[in-house]
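This report concerns only the one structure given below.
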Amino acid sequence: MSIAIAMAVLVLGALVAARARICAAASLRGSHDLAARIDRLLPQTQCGRCLYAGCRPYAEAIARGEARINRCPPGGAATIARLAQMLGVEPMALDPLHGAEAPASVVIIDEEACIGCTKCIQACPVDAIIGAARQMHTVIAAECTGCELCVPPCPVDCIAVVPAPPSPRAWRWPAPIGVCA
Amino acid sequence: MSAVLRAFRGGVRVPRGKEALQGAGSRGVALPPLLIYPLQAHVGTPARTVVDVGQKVCRGELLAVPSSYVSQAIHAGTSGVIVEIGERAVIHPGGLRDTCVVLRADGEDRRLEPSPALDPARATPEALLARIAEAGIVGMGGAGFPSHVKLREGQTSAVRLLIINAVECEPYISCDDCLIRERAADVVLGARILKRALGASQCVIALEEDMQRAWDVLSSCDTAGTELVRVPAIYPAGSERQLIRMITGAEVPRHGLPIDAGVVMQNAATTVAVADAVVRGLPLTERLLTVAGAVQTPANLRARIGTPIAHLLDACGRSAIDARVIVGGPMMGTRLVDESAPVVKTTNCVLRLPAADGQAAMPCIRCGDCVEVCPAQLQPQALYEIARAGDWDGARDLHLFDCIECGACAYVCPSRLPLVHYYRHAKSEIDALETAQRRAAELRTRYEARLRRLAQRGGAAAEAEEPVEPDAAEPPAPAPDRAAMQAEIAAAIARAKARRGANTPAATGKDGNGTR
């Protein structure tokens, strides 16, 4: 009798342990998928204002439950709303600690002042700056995310942040003025 | 005389406003001092300039060439000198400016030697297509799709039918009617050329039932190989999908193009431009357009492309009433913000319409009139509610993108709701969202490629990926080996330090973000 009970306990224990291992693996994979899905909603500026190394690390932190969804100023309220919808949580205001939502910007290099040190090229997370050592550098405006990571390393302060130029193609119809009730 | 085709479902009968110009011929207009050519006045990528400021050009000389498969060539409309390449007012619903080439006329109006004429009956379809591309011809009925691209796509599909669209369903516009009355032979010739270039077996020229004179003139031409049809004067009968439906009975698939239904459609003015290009060797530099509404003498004007719209209004005389200027028809046109914007190849009408009476829109009463008239068989009132709520996914589910923005719904709305404005807003928000997602995907690819490259090079370089601390702004010791260079860099850094002391933090972008 006692042998039967012991057997039952052993079998059950083994089953529980196996299930736990399966669950752990699945949750790891699930969290990986979740991070990828979160990453797809982030603007990919790679600016690090969330204090993670880039959009993907921030997405992984959200997936692990370590970071809140309100740390991305370039994404702003729209990104927070989409993240909240996907994760099934309440939308929240952008954490001002990480910066404020602002219109899109790009950087330009004052090519006269550039000494060709390549420090900005090394800092650019999306390879949007071209140039070589002791040669003038310039920003490919179409690829610039406006992350501003190139600004601090510049030893001669020749990089300026400017609003992204308005484009007739990217123009959006404004919302119609409200209807009286 | 053939019977009028059966109408499509939906649509509205709108006042035509064309009576004043029904029998009148076209009028020339004096050359303006400046002709202005936006590089983007068509579907596709902006044209690439091939002239410099200060360069002298003749009429018909190339100003810009196509920058991609879907783009167009732009030619000078008169002789003169290029005085500017820069931002100018263009026809844009938001009043934004765009890059333009500006030509100052010298008054001599010298013309470049025309290209050699092609024999429309013998030239190969390839030669015809090349000529049409060289002449910078785009759809002149409003959309501005480069014609050679449409024809090339038509060649590679099973296109049987070519439709020449002379159905001007918008009120006031009568320039295609006038064009047919004056140049019917060229309409037929152009239709034959297009048919041959396409390899289509059939060609139909479609007119509206009330274009009697145009019908008579066309019927008196030798129209062998083409067929004339009349469609009811119901708005929007001239819309591509509705016209194909009436003529062939076939429906263009939801996300498809007319070529998927075996049809290519070209506008009547485009057809005449094709005839000019092929048998006369002339690029597209002039078009016929209607100027009507609150003007003293409404007219169909022969205007050089690039003419500022203010110049046309001056030529017709503005009536002394408070009016806004609309480019295109009153149903689908664009409100003009700056009258110095130029006529482009698609500009078929300039209207001065009395300013809106300021009556506010009222709430939707769910009368369903909009559903009755929608030619795309959508549910405008449901789309309105959902667009107003900002539910973009819901709007897509209700087939927002099948809306052709004809404005029939807003026309009949008893609450005067600006329905099309809501749909345009929703469409542009969805487009912007999708553009942002595509861009994010591209940026992710670049970022990941960079990480891989740095990983291959080793850990030292990878450190550059860490978020940069504000302290990194300290000028690091410069590395170059030669003393002269060191001195130069030291001087540059000293200058930067001096500037940094003088500048506000915001001006340089540093410290603008307190989180780093």
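In the structure tokens, chains take letters A, B, ... by order of appearance, with residues numbered from 1 within each chain and ligands from 1 in the order shown.
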Exercise: Thr78 in chain B partners within 12 Å, only C-alpha atoms, chain neighbours under 3 positions left out, as an MDAnalysis selection string: chainID B and resid 30:36 56:63 75 81:82 102:112 283:286 303:307
Can you write out as a Markdown table which residues of chain A fall within 8 Å of chain B, alongside each residue's closest atom pair and its distance in Å to one decimal, counting only C-alpha atoms and ordering rows by chain and ascending residue number?
| residue | atom | partner | partner_atom | distance |
| --- | --- | --- | --- | --- |
| A:Arg40 | CA | B:Ala441 | CA | 7.6 |
| A:Leu41 | CA | B:Gln437 | CA | 7.8 |
| A:Leu42 | CA | B:Ala440 | CA | 7.7 |
| A:Pro43 | CA | B:Ala440 | CA | 5.5 |
| A:Gln44 | CA | B:Ala440 | CA | 5.3 |
| A:Thr45 | CA | B:Leu443 | CA | 7.3 |
| A:Gln46 | CA | B:Tyr447 | CA | 7.8 |
| A:Cys47 | CA | B:Pro467 | CA | 7.7 |
| A:Gly48 | CA | B:Pro467 | CA | 5.6 |
| A:Arg49 | CA | B:Thr515 | CA | 6.5 |
| A:Leu51 | CA | B:Pro467 | CA | 7.2 |
| A:Tyr52 | CA | B:Pro467 | CA | 7.3 |
| A:Ala53 | CA | B:Glu466 | CA | 5.4 |
| A:Leu97 | CA | B:Thr515 | CA | 6.2 |
| A:His98 | CA | B:Thr515 | CA | 5.3 |
| A:Gly99 | CA | B:Asn513 | CA | 6.1 |
| A:Ala113 | CA | B:Ala492 | CA | 7.6 |
| A:Ile115 | CA | B:Ile489 | CA | 7.0 |
| A:Gln122 | CA | B:Ala464 | CA | 6.3 |
| A:Ala123 | CA | B:Ala464 | CA | 6.0 |
| A:Pro125 | CA | B:Tyr447 | CA | 5.8 |
| A:Val126 | CA | B:Tyr447 | CA | 4.8 |
| A:Asp127 | CA | B:Arg446 | CA | 7.0 |
| A:Glu143 | CA | B:Leu443 | CA | 7.6 |
| A:Glu148 | CA | B:Gly509 | CA | 7.7 |
| A:Leu149 | CA | B:Val468 | CA | 6.8 |
| A:Val151 | CA | B:Lys510 | CA | 6.7 |
| A:Pro152 | CA | B:Ala473 | CA | 4.5 |
| A:Pro153 | CA | B:Ala473 | CA | 5.3 |
| A:Cys154 | CA | B:Ala473 | CA | 7.1 |
| A:Pro155 | CA | B:Pro475 | CA | 4.9 |
| A:Val156 | CA | B:Ala496 | CA | 4.9 |
| A:Asp157 | CA | B:Ala496 | CA | 5.7 |
| A:Cys158 | CA | B:Ala496 | CA | 7.9 |
| A:Ile159 | CA | B:Thr508 | CA | 7.2 |
| A:Ala160 | CA | B:Thr508 | CA | 5.3 |
| A:Val161 | CA | B:Gly509 | CA | 5.5 |
| A:Ser167 | CA | B:Leu96 | CA | 7.8 |
| A:Pro168 | CA | B:Leu96 | CA | 5.8 |
| A:Ala170 | CA | B:Ala432 | CA | 7.3 |
| A:Trp171 | CA | B:Gly94 | CA | 7.3 |
| A:Arg172 | CA | B:Ser428 | CA | 5.3 |
| A:Trp173 | CA | B:His425 | CA | 4.6 |
| A:Pro174 | CA | B:His425 | CA | 5.9 |
| A:Ala175 | CA | B:His425 | CA | 5.8 |
| A:Pro176 | CA | B:Tyr422 | CA | 6.3 |
| A:Val179 | CA | B:Ala361 | CA | 5.6 |
| A:Cys180 | CA | B:Met362 | CA | 5.8 |
| A:Ala181 | CA | B:Pro363 | CA | 6.1 |
Print the selection's residues with C-alpha atoms to a file, as a PDB file, in the first residue's frame.
ATOM      1  CA  ARG A  40       7.550  46.431 -33.813  1.00  0.00           C
ATOM      2  CA  LEU A  41       5.521  49.178 -32.113  1.00  0.00           C
ATOM      3  CA  LEU A  42       8.570  51.201 -31.084  1.00  0.00           C
ATOM      4  CA  PRO A  43       9.767  53.964 -33.425  1.00  0.00           C
ATOM      5  CA  GLN A  44      13.308  52.533 -33.840  1.00  0.00           C
ATOM      6  CA  THR A  45      15.018  55.841 -33.281  1.00  0.00           C
ATOM      7  CA  GLN A  46      17.489  53.920 -31.048  1.00  0.00           C
ATOM      8  CA  CYS A  47      17.927  57.125 -29.067  1.00  0.00           C
ATOM      9  CA  GLY A  48      18.296  55.471 -25.664  1.00  0.00           C
ATOM     10  CA  ARG A  49      16.102  58.003 -23.887  1.00  0.00           C
ATOM     11  CA  LEU A  51      17.819  54.414 -20.673  1.00  0.00           C
ATOM     12  CA  TYR A  52      18.124  51.116 -22.513  1.00  0.00           C
ATOM     13  CA  ALA A  53      20.690  50.574 -25.233  1.00  0.00           C
ATOM     14  CA  LEU A  97      11.998  61.906 -16.733  1.00  0.00           C
ATOM     15  CA  HIS A  98      12.742  60.551 -20.215  1.00  0.00           C
ATOM     16  CA  GLY A  99      11.909  63.691 -22.137  1.00  0.00           C
ATOM     17  CA  ALA A 113      33.384  73.502 -38.961  1.00  0.00           C
ATOM     18  CA  ILE A 115      37.213  68.461 -38.455  1.00  0.00           C
ATOM     19  CA  GLN A 122      30.601  55.968 -34.360  1.00  0.00           C
ATOM     20  CA  ALA A 123      27.718  57.279 -32.276  1.00  0.00           C
ATOM     21  CA  PRO A 125      22.928  53.968 -34.328  1.00  0.00           C
ATOM     22  CA  VAL A 126      21.550  53.736 -37.877  1.00  0.00           C
ATOM     23  CA  ASP A 127      24.639  54.629 -39.965  1.00  0.00           C
ATOM     24  CA  GLU A 143      17.973  58.155 -42.681  1.00  0.00           C
ATOM     25  CA  GLU A 148      20.732  63.290 -31.125  1.00  0.00           C
ATOM     26  CA  LEU A 149      23.286  60.688 -30.012  1.00  0.00           C
ATOM     27  CA  VAL A 151      25.563  65.679 -30.681  1.00  0.00           C
ATOM     28  CA  PRO A 152      27.476  65.144 -27.387  1.00  0.00           C
ATOM     29  CA  PRO A 153      30.542  63.366 -28.872  1.00  0.00           C
ATOM     30  CA  CYS A 154      31.257  66.164 -31.365  1.00  0.00           C
ATOM     31  CA  PRO A 155      34.400  67.935 -30.067  1.00  0.00           C
ATOM     32  CA  VAL A 156      33.784  71.072 -32.118  1.00  0.00           C
ATOM     33  CA  ASP A 157      30.040  71.376 -31.591  1.00  0.00           C
ATOM     34  CA  CYS A 158      29.252  71.492 -35.285  1.00  0.00           C
ATOM     35  CA  ILE A 159      26.048  69.392 -35.154  1.00  0.00           C
ATOM     36  CA  ALA A 160      22.722  71.183 -34.814  1.00  0.00           C
ATOM     37  CA  VAL A 161      19.271  69.712 -34.196  1.00  0.00           C
ATOM     38  CA  SER A 167       7.166  67.670 -46.931  1.00  0.00           C
ATOM     39  CA  PRO A 168       4.207  68.259 -49.287  1.00  0.00           C
ATOM     40  CA  ALA A 170       3.971  63.649 -46.043  1.00  0.00           C
ATOM     41  CA  TRP A 171       1.328  66.309 -45.363  1.00  0.00           C
ATOM     42  CA  ARG A 172      -1.735  65.061 -43.504  1.00  0.00           C
ATOM     43  CA  TRP A 173      -5.302  66.315 -43.742  1.00  0.00           C
ATOM     44  CA  PRO A 174      -6.139  67.932 -40.428  1.00  0.00           C
ATOM     45  CA  ALA A 175      -9.185  66.713 -38.531  1.00  0.00           C
ATOM     46  CA  PRO A 176     -12.337  68.610 -39.553  1.00  0.00           C
ATOM     47  CA  VAL A 179     -19.815  69.426 -35.346  1.00  0.00           C
ATOM     48  CA  CYS A 180     -22.174  71.284 -33.076  1.00  0.00           C
ATOM     49  CA  ALA A 181     -24.244  68.936 -30.978  1.00  0.00           C
TER      50      ALA A 181
END
Could you go through range 58-173 of chain A and tell me which residues DSSP, when run on the backbone, assigns to helix (DSSP H, G or I), listing them as a PDB file with C-alpha atoms, in the first residue's frame?
ATOM      1  CA  TYR A  58      13.656  48.348 -24.079  1.00  0.00           C
ATOM      2  CA  ALA A  59      11.112  46.012 -25.693  1.00  0.00           C
ATOM      3  CA  GLU A  60      12.726  43.068 -23.903  1.00  0.00           C
ATOM      4  CA  ALA A  61      12.580  44.932 -20.605  1.00  0.00           C
ATOM      5  CA  ILE A  62       8.876  45.632 -21.099  1.00  0.00           C
ATOM      6  CA  ALA A  63       8.300  41.985 -22.031  1.00  0.00           C
ATOM      7  CA  GLY A  76       4.884  59.599 -27.604  1.00  0.00           C
ATOM      8  CA  ALA A  77       1.247  59.134 -26.689  1.00  0.00           C
ATOM      9  CA  ALA A  78       0.424  57.201 -29.882  1.00  0.00           C
ATOM     10  CA  THR A  79       3.033  54.520 -29.152  1.00  0.00           C
ATOM     11  CA  ILE A  80       1.972  54.311 -25.508  1.00  0.00           C
ATOM     12  CA  ALA A  81      -1.642  53.820 -26.606  1.00  0.00           C
ATOM     13  CA  ARG A  82      -0.696  51.020 -28.998  1.00  0.00           C
ATOM     14  CA  LEU A  83       1.523  49.330 -26.401  1.00  0.00           C
ATOM     15  CA  ALA A  84      -1.259  49.589 -23.819  1.00  0.00           C
ATOM     16  CA  GLN A  85      -3.733  48.040 -26.227  1.00  0.00           C
ATOM     17  CA  MET A  86      -1.418  45.180 -27.099  1.00  0.00           C
ATOM     18  CA  LEU A  87      -0.426  44.426 -23.513  1.00  0.00           C
ATOM     19  CA  PRO A  96       8.794  63.335 -18.184  1.00  0.00           C
ATOM     20  CA  LEU A  97      11.998  61.906 -16.733  1.00  0.00           C
ATOM     21  CA  HIS A  98      12.742  60.551 -20.215  1.00  0.00           C
ATOM     22  CA  LYS A 119      33.087  60.421 -33.451  1.00  0.00           C
ATOM     23  CA  CYS A 120      29.560  61.194 -34.648  1.00  0.00           C
ATOM     24  CA  ILE A 121      29.755  58.362 -37.177  1.00  0.00           C
ATOM     25  CA  GLN A 122      30.601  55.968 -34.360  1.00  0.00           C
ATOM     26  CA  ALA A 123      27.718  57.279 -32.276  1.00  0.00           C
ATOM     27  CA  ALA A 141      18.712  63.444 -43.814  1.00  0.00           C
ATOM     28  CA  ALA A 142      16.358  60.707 -45.020  1.00  0.00           C
ATOM     29  CA  GLU A 143      17.973  58.155 -42.681  1.00  0.00           C
TER      30      GLU A 143
END
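Across the model, the gap from CA of Cys203 in chain B to CA of Thr223 in chain B is 10.2 Å.
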8 Å contact set for Gly199 in chain B, only C-alpha atoms, chain neighbours under 5 positions out, as number ranges by chain: B: 125, 155, 159-160
Output the selection as a tab-separated table (two decimals), in the first residue's frame - C-alpha atoms for each residue.
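The result, stored in part-v2.tsv:
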chain	number	residue	atom	x	y	z
B	125	PRO	CA	4.66	50.21	-80.16
B	155	GLN	CA	1.22	45.94	-72.82
B	159	VAL	CA	-5.65	44.45	-72.15
B	160	ARG	CA	-8.30	44.31	-74.84
Two-atom distance - CA of Val264 in chain B, CA of Glu240 in chain B (Å): 9.6 Å
All residues 9 Å or closer to Thr49 in chain B, only C-alpha atoms, same chain fewer than 5 positions away omitted, as a PyMOL selection string: chain B and resi 39+62-66+74+85+101
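Using only C-alpha atoms for every distance, the candidate list A:Pro57, A:Asp95, A:Val89, A:Ala6 yields A:Asp95 as the residue closest to Cys72 in chain A.
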Selection: 10 Å around Leu353 in chain B, only C-alpha atoms, excl. self and same-chain fewer than 6 positions, as a ChimeraX atom specification: /B:292-295,321-326,330
Those of range 98-154 of chain A in DSSP strand (DSSP E or B), formatted as a VMD selection string: chain A and resid 105 to 109 129 to 130 138 to 139
Could the residues in this selection be saved with C-alpha atoms as a JSON list (two decimals), in the first residue's frame?
[["chain", "number", "residue", "atom", "x", "y", "z"],
["A", 105, "SER", "CA", 13.76, 66.53, -35.90],
["A", 106, "VAL", "CA", 16.94, 65.76, -37.81],
["A", 107, "VAL", "CA", 20.53, 66.84, -37.27],
["A", 108, "ILE", "CA", 22.72, 68.73, -39.67],
["A", 109, "ILE", "CA", 26.50, 69.03, -39.63],
["A", 129, "ILE", "CA", 26.33, 59.82, -41.16],
["A", 130, "ILE", "CA", 28.91, 59.41, -43.88],
["A", 138, "THR", "CA", 27.51, 64.80, -43.53],
["A", 139, "VAL", "CA", 24.12, 63.49, -42.44]]
Close residues, Met136 in chain A itself excluded, 7 Å, only C-alpha atoms, min 5 positions apart in chain, as a PyMOL selection string: chain A and resi 111+114-116+131
Proximity to Asp177 in chain B - best of B:Gln266, B:Gln202, B:Gln486, B:Gln212, only C-alpha atoms: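 Ranked by minimum distance to Asp177 in chain B, first place goes to B:Gln212.
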Length of the CA of Ala487 in chain B to CA of Ala133 in chain A vector [Å]: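 Atom-to-atom, CA of Ala487 in chain B to CA of Ala133 in chain A, that is 16.7 Å.
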